[in-house]
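Asks: Encoded as structure tokens, here's the structure I'll be asking about.
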Amino acid sequence: MKTRFAPSPTGYIHLGNVRTALFNWLAAHAQQGRFLLRIEDTDLERSETVYQQALMEDLRWLGLDWDEGPDASGDAGPYLQSERSAVYTRYFELLQEKGMAYPCFCTAQELSVSRKLQRSAGRPPRYAGTCAGLSAQEVEAKKQRGLPFTLRFRVPRQGSVSFIDGVRGRQEFSCQDIGDFIIRKSDGSPSFFFSNAIDDALMGVTHVLRGEDHLTNTPRQQMLLEALELKPPEYAHISLIVGGDGAPLSKRHGSKSVRELREQGYLPLGVVNYLARLGHHYENEAFMSMESLAQHFQLQHLGKAPAHFQEEQLLHWQHEAILHADDQQLWQWMSLVERDGLTITQLVPAERRNAFVHAVRDNLTMPDDALDWAANLFCESGIYAADAENIIREAGSGFFQAAVASLADAQDQFKSFAGAVGTATGTKGKKLYMPLRAAISGELYAQGWNSDWARGPQMAVLWELLGAARIRRRLELAAALAAGG
Ligand code: GLU
């Protein structure tokens, strides 16, 4: 099996197109096949090298490496369509020799009038065949006059084209519904139908998974390949991604470019775990590695119904990715963010790094949160969340003075310390633990998805992380804050 991703580098890739890349990657890896990357940059006006580089970077970041394509091996290249003009020319000539393609001199204005006429007659607009019967002399004369022309494929007037779609089953299109279509534009560049189909066949692609918006292109592409005696791949058209309101996914629904997700701190494996389930069903709801996702990927599990994008789901898999990352990976991820020139590397003492990651890792959604924790826990001046500050004031300065005094009885353990504070202040449960948590961690609630105050970083773990001197200082700060200082 050989699958491919064939993006046009006209912008940064979004979740929708990267899911197509992912499905192709998974399908290939499920069968120990190959995954190919082809850059469809025939539209020279809109294609940009920066986007090509960006999409390659984005794919690599997600772990979607390619076996064939730019910067990789493979003997079916070049893998940039802009470098394949000679190949296309050969096939344009072949079709013309076979009488299956002809030059069309119709102007944009003529075509638009013809479309309007057909619409008003209640017929679907398609090419009226004006130039289909031009003689060789007529064609020559028009060329002599320097008239611009396109090349059209001559669609059989009768019969139908059918194929089995990997998701939607048997599809049949009547040739009568397909007008002779353009395969070479007037500037000499190939149309999408043409270069895309020819390259799939020449590059030995066996399976194409692509968006259902391409479904009606497939009969045209089948006809072309048949005319050229090239083997078409098997096609599977995947359902589109829609937002909660059923409309195609857009920025309004929280759809972002892969680049934006990375910059925000999403972890690649979380994104991939989500996308692999968007329109594809896994029996197993557990977080999986790329290899397991591939191993359990099945074409039969691709859904026909539109896939609903939900940002909460993306966040769910982000948390899973955090939980499954090791401490060192997380430290690196956290150290990427900077706020007001401050990073966690400056805030967390080097010898406390591992303990810090360990303490906060279950309470993070984005690397920014780690920076908040680092600031809360290690800023000497004390930083308190508003609700934590309220609890500290409510508990009163006497509570914290008693807590400072209880340090002597703490035997270096949070449990003994809390017991001693409880006895000294006559408090227990929330009344005891909430002010202690607020004073020591600067936070009342764990951030992000944990909204249960008792589920923040464990106090015993914070106790170890901060060490006796810092704990004392924080309790003193809380006492001062409660006293109105
Ligand atoms: N370049 C086309 C696109 O980006 C490829 C479509 C396909 O996968 O066949 O839409």
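Scheme for the structure tokens: letters A, B, ... for chains in order shown; per-chain residue numbers from 1; ligand numbers from 1 in order shown.
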Within 9 Å of ligand 1, which residues of chain A show up? Give each one with its shortest atom-to-atom distance in Å (one decimal) and the two atoms involved, counting only C-alpha atoms and all ligand atoms, rows by chain then rising residue number, as CSV.

Replies:
```
residue,atom,partner,partner_atom_place_in_ligand_line,distance
A:Arg4,CA,ligand 1,8 (O),7.9
A:Phe5,CA,ligand 1,8 (O),6.3
A:Ala6,CA,ligand 1,5 (C),4.8
A:Pro7,CA,ligand 1,4 (O),4.0
A:Ser8,CA,ligand 1,1 (N),4.6
A:Pro9,CA,ligand 1,4 (O),8.0
A:Thr10,CA,ligand 1,4 (O),8.9
A:Asn17,CA,ligand 1,4 (O),7.7
A:Thr20,CA,ligand 1,8 (O),7.9
A:Ala21,CA,ligand 1,8 (O),8.9
A:Arg38,CA,ligand 1,1 (N),8.6
A:Ile39,CA,ligand 1,1 (N),7.5
A:Glu40,CA,ligand 1,1 (N),5.2
A:Asp41,CA,ligand 1,1 (N),8.0
A:Phe192,CA,ligand 1,1 (N),7.2
A:Phe193,CA,ligand 1,9 (O),8.4
A:Asn196,CA,ligand 1,9 (O),6.2
A:Ala197,CA,ligand 1,9 (O),7.8
A:Asp200,CA,ligand 1,9 (O),8.7
A:Val208,CA,ligand 1,8 (O),7.0
A:Leu209,CA,ligand 1,8 (O),6.9
A:Arg210,CA,ligand 1,8 (O),4.8
A:Gly211,CA,ligand 1,8 (O),7.1
A:Asp213,CA,ligand 1,10 (O),8.7
A:His214,CA,ligand 1,6 (C),6.9
A:Asn217,CA,ligand 1,9 (O),8.8
A:Thr218,CA,ligand 1,9 (O),8.8
```

Asks: If DSSP is run on the backbone, what residues of range 165-277 of chain A are helix (DSSP H, G or I)? A reply as a VMD selection string would be ideal.

Replies: chain A and resid 175 to 177 192 to 202 212 to 227 251 to 253 258 to 264 268 to 275

Asks: Might you pull out every residue within 8 Å of Phe149 in chain A, with only C-alpha atoms counted and same-chain residues fewer than 2 positions away left off, and present them as a PDB file with N, CA, C and O atoms, in the first residue's frame?

Replies:
```pdb
ATOM      1  N   PRO A 103      -7.830  21.649 -28.283  1.00  0.00           N
ATOM      2  CA  PRO A 103      -7.673  23.034 -27.824  1.00  0.00           C
ATOM      3  C   PRO A 103      -9.020  23.755 -27.824  1.00  0.00           C
ATOM      4  O   PRO A 103      -9.846  23.509 -28.701  1.00  0.00           O
ATOM      5  N   CYS A 104      -9.207  24.595 -26.830  1.00  0.00           N
ATOM      6  CA  CYS A 104     -10.461  25.343 -26.709  1.00  0.00           C
ATOM      7  C   CYS A 104     -10.123  26.830 -26.655  1.00  0.00           C
ATOM      8  O   CYS A 104      -9.340  27.261 -25.808  1.00  0.00           O
ATOM      9  N   PHE A 105     -10.739  27.580 -27.566  1.00  0.00           N
ATOM     10  CA  PHE A 105     -10.425  29.006 -27.676  1.00  0.00           C
ATOM     11  C   PHE A 105     -11.513  29.897 -27.056  1.00  0.00           C
ATOM     12  O   PHE A 105     -11.479  31.109 -27.203  1.00  0.00           O
ATOM     13  N   CYS A 106     -12.486  29.277 -26.431  1.00  0.00           N
ATOM     14  CA  CYS A 106     -13.578  30.069 -25.851  1.00  0.00           C
ATOM     15  C   CYS A 106     -13.024  31.050 -24.812  1.00  0.00           C
ATOM     16  O   CYS A 106     -12.176  30.674 -23.996  1.00  0.00           O
ATOM     17  N   LEU A 147      -4.485  33.567 -30.559  1.00  0.00           N
ATOM     18  CA  LEU A 147      -5.555  33.466 -29.558  1.00  0.00           C
ATOM     19  C   LEU A 147      -5.144  32.507 -28.434  1.00  0.00           C
ATOM     20  O   LEU A 147      -4.614  31.435 -28.705  1.00  0.00           O
ATOM     21  N   LEU A 151      -6.679  23.399 -22.990  1.00  0.00           N
ATOM     22  CA  LEU A 151      -6.817  22.065 -23.561  1.00  0.00           C
ATOM     23  C   LEU A 151      -7.927  21.373 -22.785  1.00  0.00           C
ATOM     24  O   LEU A 151      -7.941  21.418 -21.545  1.00  0.00           O
ATOM     25  N   LYS A 185      -4.410  24.779 -18.538  1.00  0.00           N
ATOM     26  CA  LYS A 185      -4.926  26.154 -18.559  1.00  0.00           C
ATOM     27  C   LYS A 185      -4.247  26.942 -19.670  1.00  0.00           C
ATOM     28  O   LYS A 185      -3.261  26.480 -20.239  1.00  0.00           O
ATOM     29  N   SER A 186      -4.753  28.161 -19.919  1.00  0.00           N
ATOM     30  CA  SER A 186      -4.206  28.908 -21.058  1.00  0.00           C
ATOM     31  C   SER A 186      -2.751  29.342 -20.807  1.00  0.00           C
ATOM     32  O   SER A 186      -2.017  29.619 -21.736  1.00  0.00           O
TER      33      SER A 186
END
```

Asks: Neighbours of Lys98 in chain A within 12 Å (only C-alpha atoms; same-chain residues fewer than 2 positions away dropped), as a count of residues only?

Replies: 14

Asks: Excluding Ala370 in chain A and residues on its chain fewer than 5 positions from it, collect all residues at most 9 Å away from it, counting only C-alpha atoms, and give them as a list in words.

Replies: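 Listing them by chain and then by number gives Met334, Ser335, Ile344, Val357, Val360, Arg361, Asn363, Leu364, Thr365 and Ala375 of chain A.
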
Asks: Tell me which protein, DNA and RNA residues are within 9 Å of Gln31 in chain A, counting only C-alpha atoms, leaving out same-chain ones fewer than 2 positions away, and put them as a compact mmCIF listing (two decimals) with C-alpha atoms, in the first residue's frame.

Replies:
```txt
# COMPACT_ATOMS: atom_id res chain seq x y z
CA MET A 1 0.00 0.00 0.00
CA LEU A 26 -2.10 5.81 9.52
CA ALA A 27 -3.52 3.78 6.63
CA ALA A 28 -0.03 3.27 5.19
CA HIS A 29 1.55 2.43 8.53
CA GLY A 33 3.09 0.57 3.49
CA ARG A 34 4.63 3.81 2.34
CA ALA A 294 -1.77 3.04 13.04
CA GLN A 295 -2.07 -0.56 14.11
```

Asks: Residues within 10 Å of range 423-428 of chain A, please, as an MDAnalysis selection string. Count only C-alpha atoms; anything in the same chain fewer than 6 positions from it doesn't count.

Replies: chainID A and resid 398:403 405:406 417 434

Asks: For the selection just defined, write its residues with N, CA and C atoms to a file, as a PDB file, in the first residue's frame.

Replies:
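To be explicit, this is the file written out as part.pdb:
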```
ATOM      1  N   GLY A 398      -3.962  35.456  62.591  1.00  0.00           N
ATOM      2  CA  GLY A 398      -3.702  34.552  63.731  1.00  0.00           C
ATOM      3  C   GLY A 398      -3.506  33.114  63.278  1.00  0.00           C
ATOM      4  N   PHE A 399      -4.299  32.704  62.295  1.00  0.00           N
ATOM      5  CA  PHE A 399      -4.209  31.337  61.774  1.00  0.00           C
ATOM      6  C   PHE A 399      -2.788  31.066  61.267  1.00  0.00           C
ATOM      7  N   PHE A 400      -2.254  32.046  60.517  1.00  0.00           N
ATOM      8  CA  PHE A 400      -0.939  31.818  59.918  1.00  0.00           C
ATOM      9  C   PHE A 400       0.186  31.976  60.931  1.00  0.00           C
ATOM     10  N   GLN A 401      -0.059  32.829  61.936  1.00  0.00           N
ATOM     11  CA  GLN A 401       0.971  32.917  62.987  1.00  0.00           C
ATOM     12  C   GLN A 401       1.057  31.578  63.707  1.00  0.00           C
ATOM     13  N   ALA A 402      -0.122  31.001  63.951  1.00  0.00           N
ATOM     14  CA  ALA A 402      -0.135  29.681  64.602  1.00  0.00           C
ATOM     15  C   ALA A 402       0.546  28.651  63.700  1.00  0.00           C
ATOM     16  N   ALA A 403       0.341  28.802  62.376  1.00  0.00           N
ATOM     17  CA  ALA A 403       0.955  27.858  61.440  1.00  0.00           C
ATOM     18  C   ALA A 403       2.473  27.976  61.492  1.00  0.00           C
ATOM     19  N   ALA A 405       4.226  28.979  63.985  1.00  0.00           N
ATOM     20  CA  ALA A 405       4.659  28.396  65.258  1.00  0.00           C
ATOM     21  C   ALA A 405       4.626  26.872  65.205  1.00  0.00           C
ATOM     22  N   SER A 406       3.695  26.308  64.432  1.00  0.00           N
ATOM     23  CA  SER A 406       3.570  24.839  64.364  1.00  0.00           C
ATOM     24  C   SER A 406       4.692  24.191  63.571  1.00  0.00           C
ATOM     25  N   PHE A 417       2.545  18.592  60.238  1.00  0.00           N
ATOM     26  CA  PHE A 417       2.390  20.045  60.303  1.00  0.00           C
ATOM     27  C   PHE A 417       0.901  20.419  60.330  1.00  0.00           C
ATOM     28  N   MET A 434      -7.803  24.575  53.200  1.00  0.00           N
ATOM     29  CA  MET A 434      -7.869  25.585  52.137  1.00  0.00           C
ATOM     30  C   MET A 434      -6.926  26.760  52.392  1.00  0.00           C
TER      31      MET A 434
END
```

Asks: Could you go through range 26-227 of chain A and tell me which residues DSSP, when run on the backbone, assigns to strand (DSSP E or B), listing them as a PyMOL selection string?

Replies: chain A and resi 34-37+39+68+80+101-104+150-153+160-165+169-174+182-184+190+207-211

Asks: Have a look at CA of Tyr127 in chain A and CA of Ile183 in chain A and let me know their distance in Å, one decimal.

Replies: 13.1 Å

Asks: Which one of A:Gly279, A:Thr345, A:Val272, A:Ala355 sits closest to Leu315 in chain A if you count only C-alpha atoms?

Replies: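 Once distances to Leu315 in chain A are computed over only C-alpha atoms, the minimum belongs to A:Val272.
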
Asks: Any idea what the distance is between CA of Gly16 in chain A and CA of His308 in chain A?

Replies: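 Between CA of Gly16 in chain A and CA of His308 in chain A the gap works out to 11.3 Å.
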
Asks: With 9 Å as the cut-off and only C-alpha atoms counted, what is the closest atom pair between each nearby residue of range 296-405 of chain A and range 250-258 of chain A? Distances in Å to one decimal, ordered by chain and number, as JSON lines.

Replies:
```
{"residue": "A:Phe309", "atom": "CA", "partner": "A:His253", "partner_atom": "CA", "distance": 7.9}
{"residue": "A:Gln310", "atom": "CA", "partner": "A:His253", "partner_atom": "CA", "distance": 8.1}
{"residue": "A:Glu311", "atom": "CA", "partner": "A:Gly254", "partner_atom": "CA", "distance": 6.6}
```

Asks: Could you save the residues just selected, with N, CA and C atoms, as a compact mmCIF listing (two decimals), in the first residue's frame?

Replies:
```
# COMPACT_ATOMS: atom_id res chain seq x y z
N PHE A 309 -16.22 18.80 15.20
CA PHE A 309 -15.05 19.24 15.96
C PHE A 309 -15.49 19.84 17.29
N GLN A 310 -14.84 19.42 18.36
CA GLN A 310 -15.16 20.00 19.67
C GLN A 310 -13.86 20.36 20.37
N GLU A 311 -13.75 21.61 20.71
CA GLU A 311 -12.51 22.06 21.33
C GLU A 311 -12.25 21.35 22.66
```
